[in-house]
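The structure appears below as structure tokens.
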Amino acid sequence: MTPAAVITGIGVVAPTGTGVREHWDNSLAGRSGIAPITSFDVSGLPVAVAGQVTGFDRSEWVDHRLVVQTDRWTWLAFAAARLALDDAELDPSGQNPMELSVVTASGSGGNAFGQHEIQALWQEGPRAVSAYQSIGWFYAASSGQLSIRHQLKGACGVLVADGAGAIDAVRQARRVLARGGAGVLTGGTEAPLSPYALACQSGQRALSGGTDPDTAYRPFAADATGHVPGEGGAMLVLEPRDRARERGARIYAEVAATASTHDAWHPEDPPPDVRQLERAVRESIARAGCVPDDIDVVFADGAGHPEADRLELAALRAVFAGRRVPVTVPKTMTGRLCSGGAALDLAWAALALDRGVLPPTVHVPADALGPGLDLVTEARPADVRHALVVARGVGGFNSAAVLRRSDPAGQR
């Protein structure tokens, strides 16, 4: 039997706020962090609005010597990781470092860092390129830096599956715990809002060119025009349930199960049917020892592209067979955060289980899902025992996770 893995710490750095309290308060109030991009000239770029982390002071989270070695996405990971460890009241220095790990997800990497070094190369020549170019931009940078900073010397790694990546990272984290690990720092952050990063995204047909923050990203709406990108994400502390109870840790939720599939279809086109997405959802529910009627809320992927949204709705209708299950897309307040997106959805779901409130979907009509599904458009008290998180990534990735409300016995 695989030991139960529970979430004991949550660290959020997102357009909805930094830290659980600010993030949760803004989420319940429906305060969106999507706004016009003003930090650089966006004329000629494919998007004008994005979900942005405001008021972030890197000096509070990043050692000065590391600033020149790392990109903003790693700075956000530093902050989210420290917040998560503090929230879990877990000090790695007091633990066996060989029993602690970090597993992150990344799909964008250090774009701003890479842009700066490319500019240096062409303007000043090879000698102007930083030696840290070789380590600052690539996908494993945040995992490596977090491992070094917190002396996490167990099995560490990074998963690359675009928007589905953080669920896959959590799945790997559960494997690490099953093999004897004492704790895993897992999740993902992204910062894909530099000019170079936006240029790299310009080929995505699902990207919204809207200029109004209230209407640019409206998944499932009849007039949806695509998605807007965002930065940030979340880091989670996962521990074996028995160990967490033994040390008196607060338990937000249990990661009951995850599942992943792939459409095996052309990455530029939506799949011809919903079989693989539906299969991921069904398998995650079955692996959790549940049936669809046990699911109390769905945190939907919400692509924002009409065809992709239609396919997700078809999969959910097939699974829930007409049951009016609550569905929410709180990422309408942040935009799609690439690999930070599913991590933030997992954080939202864990908080909903812990606090008995569903965060809302904003700027989308209440009837947008049509018959059989119940879109949450205002914060709603709810008795949530099981939450389903659905995530998809560009290129055909599908992942789903079921979180279960933990038995309150043993919590402080």
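In the structure tokens, the first chain shown is A, the next is B, and so on; residue numbers restart at 1 for each chain, and ligands run from 1 in the order shown.
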Next on the checklist: Env of range 76-80 of chain A: 9 Å cut, atoms = only C-alpha atoms, seq-sep filter 2 positions within chain, self excluded. Answer as a VMD selection string.
Outcome noted: chain A and resid 10 to 14 18 to 19 56 58 60 to 62 71 to 74 82 to 85 142 to 143 145 to 146 149 187 to 191 231 to 236
Please dump the current selection as a CSV table (one decimal), in the first residue's frame; keep N, CA, C and O atoms.
chain,number,residue,atom,x,y,z
A,10,ILE,N,1.6,25.4,2.1
A,10,ILE,CA,1.3,26.0,0.9
A,10,ILE,C,2.0,27.4,0.8
A,10,ILE,O,1.9,28.2,1.7
A,11,GLY,N,2.7,27.6,-0.3
A,11,GLY,CA,3.3,28.9,-0.6
A,11,GLY,C,2.9,29.4,-1.9
A,11,GLY,O,3.0,28.7,-3.0
A,12,VAL,N,2.2,30.6,-2.0
A,12,VAL,CA,1.7,31.1,-3.2
A,12,VAL,C,2.4,32.5,-3.5
A,12,VAL,O,2.5,33.3,-2.6
A,13,VAL,N,2.8,32.6,-4.8
A,13,VAL,CA,3.2,33.9,-5.3
A,13,VAL,C,2.5,34.0,-6.7
A,13,VAL,O,2.9,33.4,-7.6
A,14,ALA,N,1.5,34.8,-6.7
A,14,ALA,CA,0.6,34.8,-7.9
A,14,ALA,C,0.0,36.2,-8.1
A,14,ALA,O,0.1,37.1,-7.3
A,18,THR,N,0.7,37.4,-2.7
A,18,THR,CA,1.8,36.6,-2.2
A,18,THR,C,1.5,36.2,-0.8
A,18,THR,O,1.2,37.0,0.1
A,19,GLY,N,1.6,34.9,-0.6
A,19,GLY,CA,1.2,34.3,0.7
A,19,GLY,C,-0.2,33.8,0.7
A,19,GLY,O,-1.1,34.4,-0.1
A,56,PHE,N,6.4,42.6,-5.9
A,56,PHE,CA,7.4,41.6,-5.6
A,56,PHE,C,8.8,42.2,-5.5
A,56,PHE,O,9.3,42.7,-6.5
A,58,ARG,N,12.5,41.3,-5.0
A,58,ARG,CA,13.4,40.2,-5.0
A,58,ARG,C,14.3,40.2,-3.8
A,58,ARG,O,14.8,39.1,-3.4
A,60,GLU,N,13.9,40.6,-0.8
A,60,GLU,CA,13.3,39.9,0.3
A,60,GLU,C,13.4,38.4,0.3
A,60,GLU,O,13.3,37.7,1.3
A,61,TRP,N,13.7,37.9,-0.9
A,61,TRP,CA,13.6,36.4,-1.1
A,61,TRP,C,14.9,35.8,-1.7
A,61,TRP,O,15.1,34.6,-1.6
A,62,VAL,N,15.7,36.6,-2.3
A,62,VAL,CA,16.8,36.1,-3.1
A,62,VAL,C,18.1,36.7,-2.6
A,62,VAL,O,18.3,38.0,-2.5
A,71,ASP,N,16.8,33.6,-12.9
A,71,ASP,CA,15.8,34.3,-13.6
A,71,ASP,C,14.6,34.6,-12.6
A,71,ASP,O,14.5,34.0,-11.6
A,72,ARG,N,13.7,35.5,-13.0
A,72,ARG,CA,12.6,35.8,-12.2
A,72,ARG,C,11.8,34.6,-11.8
A,72,ARG,O,11.2,34.5,-10.7
A,73,TRP,N,11.6,33.6,-12.7
A,73,TRP,CA,10.8,32.5,-12.4
A,73,TRP,C,11.4,31.7,-11.2
A,73,TRP,O,10.7,31.2,-10.3
A,74,THR,N,12.7,31.7,-11.1
A,74,THR,CA,13.4,31.1,-9.9
A,74,THR,C,13.2,31.9,-8.7
A,74,THR,O,13.1,31.4,-7.6
A,82,ARG,N,9.9,29.2,0.3
A,82,ARG,CA,10.1,29.6,1.7
A,82,ARG,C,8.7,29.8,2.4
A,82,ARG,O,8.6,29.4,3.6
A,83,LEU,N,7.8,30.3,1.7
A,83,LEU,CA,6.4,30.5,2.3
A,83,LEU,C,5.8,29.1,2.6
A,83,LEU,O,5.2,28.9,3.7
A,84,ALA,N,6.0,28.1,1.7
A,84,ALA,CA,5.5,26.8,2.0
A,84,ALA,C,6.1,26.1,3.2
A,84,ALA,O,5.4,25.5,4.0
A,85,LEU,N,7.4,26.2,3.3
A,85,LEU,CA,8.1,25.6,4.4
A,85,LEU,C,7.7,26.2,5.7
A,85,LEU,O,7.5,25.6,6.7
A,142,SER,N,15.2,25.9,-11.1
A,142,SER,CA,14.6,26.1,-9.9
A,142,SER,C,14.7,24.9,-8.9
A,142,SER,O,15.0,25.1,-7.7
A,143,SER,N,14.6,23.7,-9.4
A,143,SER,CA,14.8,22.5,-8.6
A,143,SER,C,16.2,22.5,-8.0
A,143,SER,O,16.4,22.3,-6.8
A,145,GLN,N,18.4,25.0,-7.6
A,145,GLN,CA,18.6,26.1,-6.7
A,145,GLN,C,17.9,25.9,-5.4
A,145,GLN,O,18.5,26.2,-4.3
A,146,LEU,N,16.7,25.4,-5.4
A,146,LEU,CA,16.0,25.1,-4.2
A,146,LEU,C,16.7,23.9,-3.4
A,146,LEU,O,16.7,24.0,-2.2
A,149,ARG,N,19.7,25.6,-1.8
A,149,ARG,CA,19.4,26.6,-0.7
A,149,ARG,C,18.9,25.9,0.5
A,149,ARG,O,19.3,26.3,1.6
A,187,GLY,N,5.7,21.6,-6.9
A,187,GLY,CA,4.8,22.6,-7.5
A,187,GLY,C,5.5,23.2,-8.6
A,187,GLY,O,6.2,22.6,-9.4
A,188,GLY,N,5.2,24.5,-8.9
A,188,GLY,CA,5.8,25.2,-10.0
A,188,GLY,C,5.5,26.6,-10.0
A,188,GLY,O,4.5,27.1,-9.5
A,189,THR,N,6.4,27.4,-10.6
A,189,THR,CA,6.2,28.8,-10.8
A,189,THR,C,6.7,29.1,-12.3
A,189,THR,O,7.5,28.3,-12.8
A,190,GLU,N,6.2,30.2,-12.8
A,190,GLU,CA,6.7,30.6,-14.2
A,190,GLU,C,6.7,32.1,-14.2
A,190,GLU,O,6.1,32.8,-13.4
A,191,ALA,N,7.5,32.6,-15.2
A,191,ALA,CA,7.6,34.1,-15.4
A,191,ALA,C,7.7,34.3,-16.9
A,191,ALA,O,8.7,34.8,-17.4
A,231,GLU,N,2.1,35.0,-14.7
A,231,GLU,CA,3.3,34.6,-14.0
A,231,GLU,C,3.0,34.2,-12.6
A,231,GLU,O,1.9,34.5,-12.1
A,232,GLY,N,3.9,33.4,-12.0
A,232,GLY,CA,3.7,33.0,-10.6
A,232,GLY,C,3.3,31.5,-10.5
A,232,GLY,O,3.5,30.7,-11.5
A,233,GLY,N,2.7,31.1,-9.4
A,233,GLY,CA,2.4,29.7,-9.2
A,233,GLY,C,2.4,29.4,-7.7
A,233,GLY,O,2.1,30.3,-6.9
A,234,ALA,N,2.7,28.2,-7.3
A,234,ALA,CA,2.6,27.8,-5.9
A,234,ALA,C,3.6,26.6,-5.7
A,234,ALA,O,3.9,25.9,-6.6
A,235,MET,N,4.1,26.5,-4.5
A,235,MET,CA,4.8,25.4,-4.0
A,235,MET,C,4.1,24.8,-2.8
A,235,MET,O,3.5,25.5,-2.0
A,236,LEU,N,4.2,23.4,-2.8
A,236,LEU,CA,3.5,22.7,-1.7
A,236,LEU,C,4.5,21.8,-1.0
A,236,LEU,O,5.5,21.3,-1.6
Checklist entry - Among range 31-164 of chain A, which residues carry a DSSP assignment of helix (DSSP H, G or I), reported as number ranges by chain? => result A: 58-60, 64-67, 72-88, 92-94, 97-99, 111-124, 126-128, 133-136, 141-150, 162-164
Checklist entry - Between A:Gly230, A:Pro360, A:Trp348, A:Phe220, which is the closest to Gly302 in chain A once you count only C-alpha atoms? => result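 Of A:Gly230, A:Pro360, A:Trp348, A:Phe220, the one nearest Gly302 in chain A is A:Phe220, counting only C-alpha atoms.
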Item to check | Residue nearest Ala352 in chain A - candidates A:Asp383, A:Asp367, A:Glu89, A:Asp63, atoms counted: only C-alpha atoms | outcome: A:Asp383
Next on the checklist: Here is a test: counting only C-alpha atoms, which residue of A:Glu99, A:Gly341, A:Val170, A:Thr70 is nearest to Ala131 in chain A?
Outcome noted: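 Distance minimum relative to Ala131 in chain A lands on A:Thr70.
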Checklist entry - Which residue, A:Ala216, A:Ala387, A:Ala368, A:Val102, has the smallest gap to Asp293 in chain A when you use only C-alpha atoms? => result A:Ala387
Item to check | Long-range neighbours of Arg205 in chain A as a PyMOL selection string, 12 Å cut-off, only C-alpha atoms, 4 positions minimum in chain | outcome: chain A and resi 46-47+201+209+225-228+267-270+303-308+394
Checklist entry - Leaving out Gln95 in chain A and any residue of its chain fewer than 6 positions from it, which residues lie within 12 Å of it when counting only C-alpha atoms, given as a PyMOL selection string? => result chain A and resi 101+150-154+181-183
Put those residues in a file: N, CA and C atoms, as a tab-separated table (two decimals), in the first residue's frame.
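Below is the file that was written, again_39.tsv:
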chain	number	residue	atom	x	y	z
A	101	SER	N	13.30	16.13	-0.54
A	101	SER	CA	13.46	16.28	-1.99
A	101	SER	C	12.73	17.50	-2.50
A	150	HIS	N	18.06	24.86	0.40
A	150	HIS	CA	17.47	24.22	1.57
A	150	HIS	C	18.10	22.87	1.91
A	151	GLN	N	19.18	22.52	1.18
A	151	GLN	CA	19.89	21.26	1.42
A	151	GLN	C	18.94	20.06	1.35
A	152	LEU	N	18.20	20.00	0.26
A	152	LEU	CA	17.29	18.90	0.00
A	152	LEU	C	18.05	17.91	-0.88
A	153	LYS	N	18.57	16.85	-0.28
A	153	LYS	CA	19.51	15.98	-0.97
A	153	LYS	C	18.93	14.62	-1.36
A	154	GLY	N	17.61	14.48	-1.24
A	154	GLY	CA	16.98	13.26	-1.71
A	154	GLY	C	16.78	13.30	-3.21
A	181	GLY	N	10.82	8.67	1.42
A	181	GLY	CA	11.10	10.08	1.65
A	181	GLY	C	10.28	10.64	2.80
A	182	ALA	N	10.84	11.62	3.48
A	182	ALA	CA	10.16	12.24	4.62
A	182	ALA	C	9.39	13.49	4.23
A	183	GLY	N	9.75	14.09	3.11
A	183	GLY	CA	9.06	15.30	2.67
A	183	GLY	C	9.53	15.71	1.30
Please provide the set of residues having any atom within 12 Å of range 310-312 of chain A, restricted to only C-alpha atoms, with same-chain residues fewer than 4 positions apart removed, written as a PDB file with N, CA, C and O atoms, in the first residue's frame.
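File part-v5.pdb, as written:
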ATOM      1  N   PRO A 219     -12.925  31.667 -20.237  1.00  0.00           N
ATOM      2  CA  PRO A 219     -13.145  30.269 -20.626  1.00  0.00           C
ATOM      3  C   PRO A 219     -14.606  29.878 -20.514  1.00  0.00           C
ATOM      4  O   PRO A 219     -15.308  30.292 -19.595  1.00  0.00           O
ATOM      5  N   PHE A 220     -15.056  29.114 -21.487  1.00  0.00           N
ATOM      6  CA  PHE A 220     -16.414  28.569 -21.599  1.00  0.00           C
ATOM      7  C   PHE A 220     -17.453  29.608 -22.022  1.00  0.00           C
ATOM      8  O   PHE A 220     -18.599  29.244 -22.306  1.00  0.00           O
ATOM      9  N   ALA A 221     -17.099  30.886 -22.070  1.00  0.00           N
ATOM     10  CA  ALA A 221     -18.042  31.896 -22.544  1.00  0.00           C
ATOM     11  C   ALA A 221     -18.254  31.718 -24.048  1.00  0.00           C
ATOM     12  O   ALA A 221     -17.347  31.287 -24.781  1.00  0.00           O
ATOM     13  N   ALA A 222     -19.435  32.078 -24.515  1.00  0.00           N
ATOM     14  CA  ALA A 222     -19.761  31.912 -25.934  1.00  0.00           C
ATOM     15  C   ALA A 222     -18.843  32.726 -26.826  1.00  0.00           C
ATOM     16  O   ALA A 222     -18.580  32.353 -27.969  1.00  0.00           O
ATOM     17  N   ALA A 224     -15.631  33.540 -26.089  1.00  0.00           N
ATOM     18  CA  ALA A 224     -14.240  33.381 -25.652  1.00  0.00           C
ATOM     19  C   ALA A 224     -13.279  33.565 -26.821  1.00  0.00           C
ATOM     20  O   ALA A 224     -13.530  33.079 -27.929  1.00  0.00           O
ATOM     21  N   PRO A 270      -6.564  20.758 -31.828  1.00  0.00           N
ATOM     22  CA  PRO A 270      -7.236  20.053 -30.737  1.00  0.00           C
ATOM     23  C   PRO A 270      -7.447  18.597 -31.117  1.00  0.00           C
ATOM     24  O   PRO A 270      -7.568  18.272 -32.298  1.00  0.00           O
ATOM     25  N   PRO A 271      -7.473  17.697 -30.135  1.00  0.00           N
ATOM     26  CA  PRO A 271      -7.672  16.272 -30.452  1.00  0.00           C
ATOM     27  C   PRO A 271      -9.052  16.051 -31.057  1.00  0.00           C
ATOM     28  O   PRO A 271      -9.965  16.852 -30.866  1.00  0.00           O
ATOM     29  N   PRO A 272      -9.228  14.961 -31.782  1.00  0.00           N
ATOM     30  CA  PRO A 272     -10.513  14.728 -32.454  1.00  0.00           C
ATOM     31  C   PRO A 272     -11.631  14.315 -31.502  1.00  0.00           C
ATOM     32  O   PRO A 272     -12.797  14.342 -31.881  1.00  0.00           O
ATOM     33  N   ASP A 273     -11.282  13.924 -30.259  1.00  0.00           N
ATOM     34  CA  ASP A 273     -12.307  13.508 -29.302  1.00  0.00           C
ATOM     35  C   ASP A 273     -11.765  13.727 -27.896  1.00  0.00           C
ATOM     36  O   ASP A 273     -10.658  14.236 -27.703  1.00  0.00           O
ATOM     37  N   VAL A 274     -12.550  13.338 -26.907  1.00  0.00           N
ATOM     38  CA  VAL A 274     -12.201  13.613 -25.517  1.00  0.00           C
ATOM     39  C   VAL A 274     -11.720  12.365 -24.779  1.00  0.00           C
ATOM     40  O   VAL A 274     -11.594  12.385 -23.548  1.00  0.00           O
ATOM     41  N   ARG A 275     -11.433  11.305 -25.492  1.00  0.00           N
ATOM     42  CA  ARG A 275     -11.172  10.036 -24.828  1.00  0.00           C
ATOM     43  C   ARG A 275     -10.013  10.105 -23.836  1.00  0.00           C
ATOM     44  O   ARG A 275     -10.107   9.573 -22.727  1.00  0.00           O
ATOM     45  N   GLN A 276      -8.902  10.756 -24.218  1.00  0.00           N
ATOM     46  CA  GLN A 276      -7.746  10.749 -23.333  1.00  0.00           C
ATOM     47  C   GLN A 276      -7.931  11.679 -22.137  1.00  0.00           C
ATOM     48  O   GLN A 276      -7.513  11.361 -21.017  1.00  0.00           O
ATOM     49  N   LEU A 277      -8.567  12.828 -22.337  1.00  0.00           N
ATOM     50  CA  LEU A 277      -8.864  13.702 -21.212  1.00  0.00           C
ATOM     51  C   LEU A 277      -9.847  13.024 -20.262  1.00  0.00           C
ATOM     52  O   LEU A 277      -9.660  13.017 -19.038  1.00  0.00           O
ATOM     53  N   GLU A 278     -10.893  12.434 -20.821  1.00  0.00           N
ATOM     54  CA  GLU A 278     -11.875  11.726 -19.991  1.00  0.00           C
ATOM     55  C   GLU A 278     -11.215  10.579 -19.242  1.00  0.00           C
ATOM     56  O   GLU A 278     -11.498  10.342 -18.054  1.00  0.00           O
ATOM     57  N   ARG A 279     -10.313   9.876 -19.906  1.00  0.00           N
ATOM     58  CA  ARG A 279      -9.625   8.749 -19.259  1.00  0.00           C
ATOM     59  C   ARG A 279      -8.789   9.221 -18.070  1.00  0.00           C
ATOM     60  O   ARG A 279      -8.777   8.568 -17.010  1.00  0.00           O
ATOM     61  N   ALA A 280      -8.090  10.344 -18.212  1.00  0.00           N
ATOM     62  CA  ALA A 280      -7.298  10.871 -17.101  1.00  0.00           C
ATOM     63  C   ALA A 280      -8.190  11.199 -15.911  1.00  0.00           C
ATOM     64  O   ALA A 280      -7.851  10.896 -14.756  1.00  0.00           O
ATOM     65  N   VAL A 281      -9.338  11.824 -16.185  1.00  0.00           N
ATOM     66  CA  VAL A 281     -10.269  12.173 -15.114  1.00  0.00           C
ATOM     67  C   VAL A 281     -10.814  10.916 -14.438  1.00  0.00           C
ATOM     68  O   VAL A 281     -10.816  10.796 -13.208  1.00  0.00           O
ATOM     69  N   VAL A 298     -15.093  20.636  -9.130  1.00  0.00           N
ATOM     70  CA  VAL A 298     -14.088  20.457 -10.185  1.00  0.00           C
ATOM     71  C   VAL A 298     -13.395  21.792 -10.420  1.00  0.00           C
ATOM     72  O   VAL A 298     -14.048  22.816 -10.669  1.00  0.00           O
ATOM     73  N   PHE A 299     -12.071  21.784 -10.315  1.00  0.00           N
ATOM     74  CA  PHE A 299     -11.265  22.929 -10.729  1.00  0.00           C
ATOM     75  C   PHE A 299     -10.872  22.662 -12.176  1.00  0.00           C
ATOM     76  O   PHE A 299      -9.969  21.868 -12.455  1.00  0.00           O
ATOM     77  N   ALA A 300     -11.601  23.298 -13.093  1.00  0.00           N
ATOM     78  CA  ALA A 300     -11.466  22.975 -14.513  1.00  0.00           C
ATOM     79  C   ALA A 300     -10.215  23.598 -15.107  1.00  0.00           C
ATOM     80  O   ALA A 300      -9.669  24.580 -14.595  1.00  0.00           O
ATOM     81  N   ASP A 301      -9.788  23.036 -16.232  1.00  0.00           N
ATOM     82  CA  ASP A 301      -8.611  23.566 -16.932  1.00  0.00           C
ATOM     83  C   ASP A 301      -8.903  24.923 -17.560  1.00  0.00           C
ATOM     84  O   ASP A 301      -8.104  25.840 -17.470  1.00  0.00           O
ATOM     85  N   GLY A 302     -10.058  25.062 -18.226  1.00  0.00           N
ATOM     86  CA  GLY A 302     -10.469  26.357 -18.763  1.00  0.00           C
ATOM     87  C   GLY A 302      -9.503  26.948 -19.772  1.00  0.00           C
ATOM     88  O   GLY A 302      -8.905  28.007 -19.540  1.00  0.00           O
ATOM     89  N   ALA A 303      -9.359  26.300 -20.909  1.00  0.00           N
ATOM     90  CA  ALA A 303      -8.396  26.745 -21.912  1.00  0.00           C
ATOM     91  C   ALA A 303      -8.704  28.132 -22.470  1.00  0.00           C
ATOM     92  O   ALA A 303      -7.806  28.866 -22.868  1.00  0.00           O
ATOM     93  N   GLY A 304      -9.984  28.489 -22.550  1.00  0.00           N
ATOM     94  CA  GLY A 304     -10.346  29.778 -23.128  1.00  0.00           C
ATOM     95  C   GLY A 304     -10.506  29.754 -24.631  1.00  0.00           C
ATOM     96  O   GLY A 304     -10.941  30.739 -25.220  1.00  0.00           O
ATOM     97  N   HIS A 305     -10.149  28.640 -25.258  1.00  0.00           N
ATOM     98  CA  HIS A 305     -10.299  28.462 -26.700  1.00  0.00           C
ATOM     99  C   HIS A 305     -11.592  27.692 -26.933  1.00  0.00           C
ATOM    100  O   HIS A 305     -11.814  26.644 -26.305  1.00  0.00           O
ATOM    101  N   PRO A 306     -12.487  28.170 -27.799  1.00  0.00           N
ATOM    102  CA  PRO A 306     -13.809  27.538 -27.919  1.00  0.00           C
ATOM    103  C   PRO A 306     -13.777  26.034 -28.125  1.00  0.00           C
ATOM    104  O   PRO A 306     -14.538  25.302 -27.475  1.00  0.00           O
ATOM    105  N   LEU A 316     -16.264  16.271 -19.041  1.00  0.00           N
ATOM    106  CA  LEU A 316     -16.881  16.370 -17.722  1.00  0.00           C
ATOM    107  C   LEU A 316     -18.312  15.844 -17.736  1.00  0.00           C
ATOM    108  O   LEU A 316     -18.745  15.153 -16.800  1.00  0.00           O
ATOM    109  N   ARG A 317     -19.053  16.152 -18.802  1.00  0.00           N
ATOM    110  CA  ARG A 317     -20.426  15.644 -18.891  1.00  0.00           C
ATOM    111  C   ARG A 317     -20.439  14.114 -18.975  1.00  0.00           C
ATOM    112  O   ARG A 317     -21.306  13.452 -18.391  1.00  0.00           O
ATOM    113  N   ALA A 318     -19.477  13.567 -19.707  1.00  0.00           N
ATOM    114  CA  ALA A 318     -19.418  12.112 -19.829  1.00  0.00           C
ATOM    115  C   ALA A 318     -19.118  11.466 -18.476  1.00  0.00           C
ATOM    116  O   ALA A 318     -19.695  10.426 -18.131  1.00  0.00           O
ATOM    117  N   VAL A 319     -18.223  12.072 -17.718  1.00  0.00           N
ATOM    118  CA  VAL A 319     -17.840  11.504 -16.422  1.00  0.00           C
ATOM    119  C   VAL A 319     -18.965  11.640 -15.407  1.00  0.00           C
ATOM    120  O   VAL A 319     -19.294  10.685 -14.681  1.00  0.00           O
ATOM    121  N   VAL A 327     -18.407  23.555 -10.701  1.00  0.00           N
ATOM    122  CA  VAL A 327     -17.183  23.706 -11.487  1.00  0.00           C
ATOM    123  C   VAL A 327     -16.691  25.137 -11.311  1.00  0.00           C
ATOM    124  O   VAL A 327     -17.484  26.083 -11.388  1.00  0.00           O
ATOM    125  N   ALA A 368     -22.679  29.663 -18.573  1.00  0.00           N
ATOM    126  CA  ALA A 368     -21.756  29.390 -19.681  1.00  0.00           C
ATOM    127  C   ALA A 368     -21.510  27.903 -19.899  1.00  0.00           C
ATOM    128  O   ALA A 368     -21.186  27.486 -21.017  1.00  0.00           O
ATOM    129  N   LEU A 369     -21.656  27.072 -18.868  1.00  0.00           N
ATOM    130  CA  LEU A 369     -21.381  25.643 -19.015  1.00  0.00           C
ATOM    131  C   LEU A 369     -22.537  24.878 -19.624  1.00  0.00           C
ATOM    132  O   LEU A 369     -22.376  23.713 -19.995  1.00  0.00           O
ATOM    133  N   GLY A 370     -23.697  25.520 -19.708  1.00  0.00           N
ATOM    134  CA  GLY A 370     -24.854  24.823 -20.240  1.00  0.00           C
ATOM    135  C   GLY A 370     -25.435  23.875 -19.205  1.00  0.00           C
ATOM    136  O   GLY A 370     -25.072  23.899 -18.018  1.00  0.00           O
ATOM    137  N   LEU A 373     -23.967  21.152 -15.473  1.00  0.00           N
ATOM    138  CA  LEU A 373     -22.802  21.564 -14.690  1.00  0.00           C
ATOM    139  C   LEU A 373     -23.098  22.922 -14.055  1.00  0.00           C
ATOM    140  O   LEU A 373     -23.807  23.751 -14.633  1.00  0.00           O
ATOM    141  N   VAL A 390      -8.313  19.468 -12.884  1.00  0.00           N
ATOM    142  CA  VAL A 390      -8.059  19.047 -14.266  1.00  0.00           C
ATOM    143  C   VAL A 390      -7.073  20.023 -14.897  1.00  0.00           C
ATOM    144  O   VAL A 390      -7.220  21.249 -14.751  1.00  0.00           O
ATOM    145  N   ALA A 391      -6.072  19.497 -15.588  1.00  0.00           N
ATOM    146  CA  ALA A 391      -5.072  20.365 -16.225  1.00  0.00           C
ATOM    147  C   ALA A 391      -4.661  19.782 -17.561  1.00  0.00           C
ATOM    148  O   ALA A 391      -4.509  18.562 -17.705  1.00  0.00           O
ATOM    149  N   ARG A 392      -4.477  20.671 -18.530  1.00  0.00           N
ATOM    150  CA  ARG A 392      -3.992  20.271 -19.854  1.00  0.00           C
ATOM    151  C   ARG A 392      -2.808  21.144 -20.244  1.00  0.00           C
ATOM    152  O   ARG A 392      -2.701  22.299 -19.825  1.00  0.00           O
ATOM    153  N   ASN A 398      -2.593  15.687 -20.657  1.00  0.00           N
ATOM    154  CA  ASN A 398      -3.790  15.716 -19.815  1.00  0.00           C
ATOM    155  C   ASN A 398      -3.420  15.154 -18.449  1.00  0.00           C
ATOM    156  O   ASN A 398      -2.827  14.070 -18.364  1.00  0.00           O
TER     157      ASN A 398
END
Next on the checklist: Going by DSSP on the backbone, which residues of range 184-393 of chain A come out as strand (DSSP E)? List them as a ChimeraX atom specification.
Outcome noted: /A:184-190,232-240,253-262,297-299,325-328,357-358,373-375,380-381,386-393
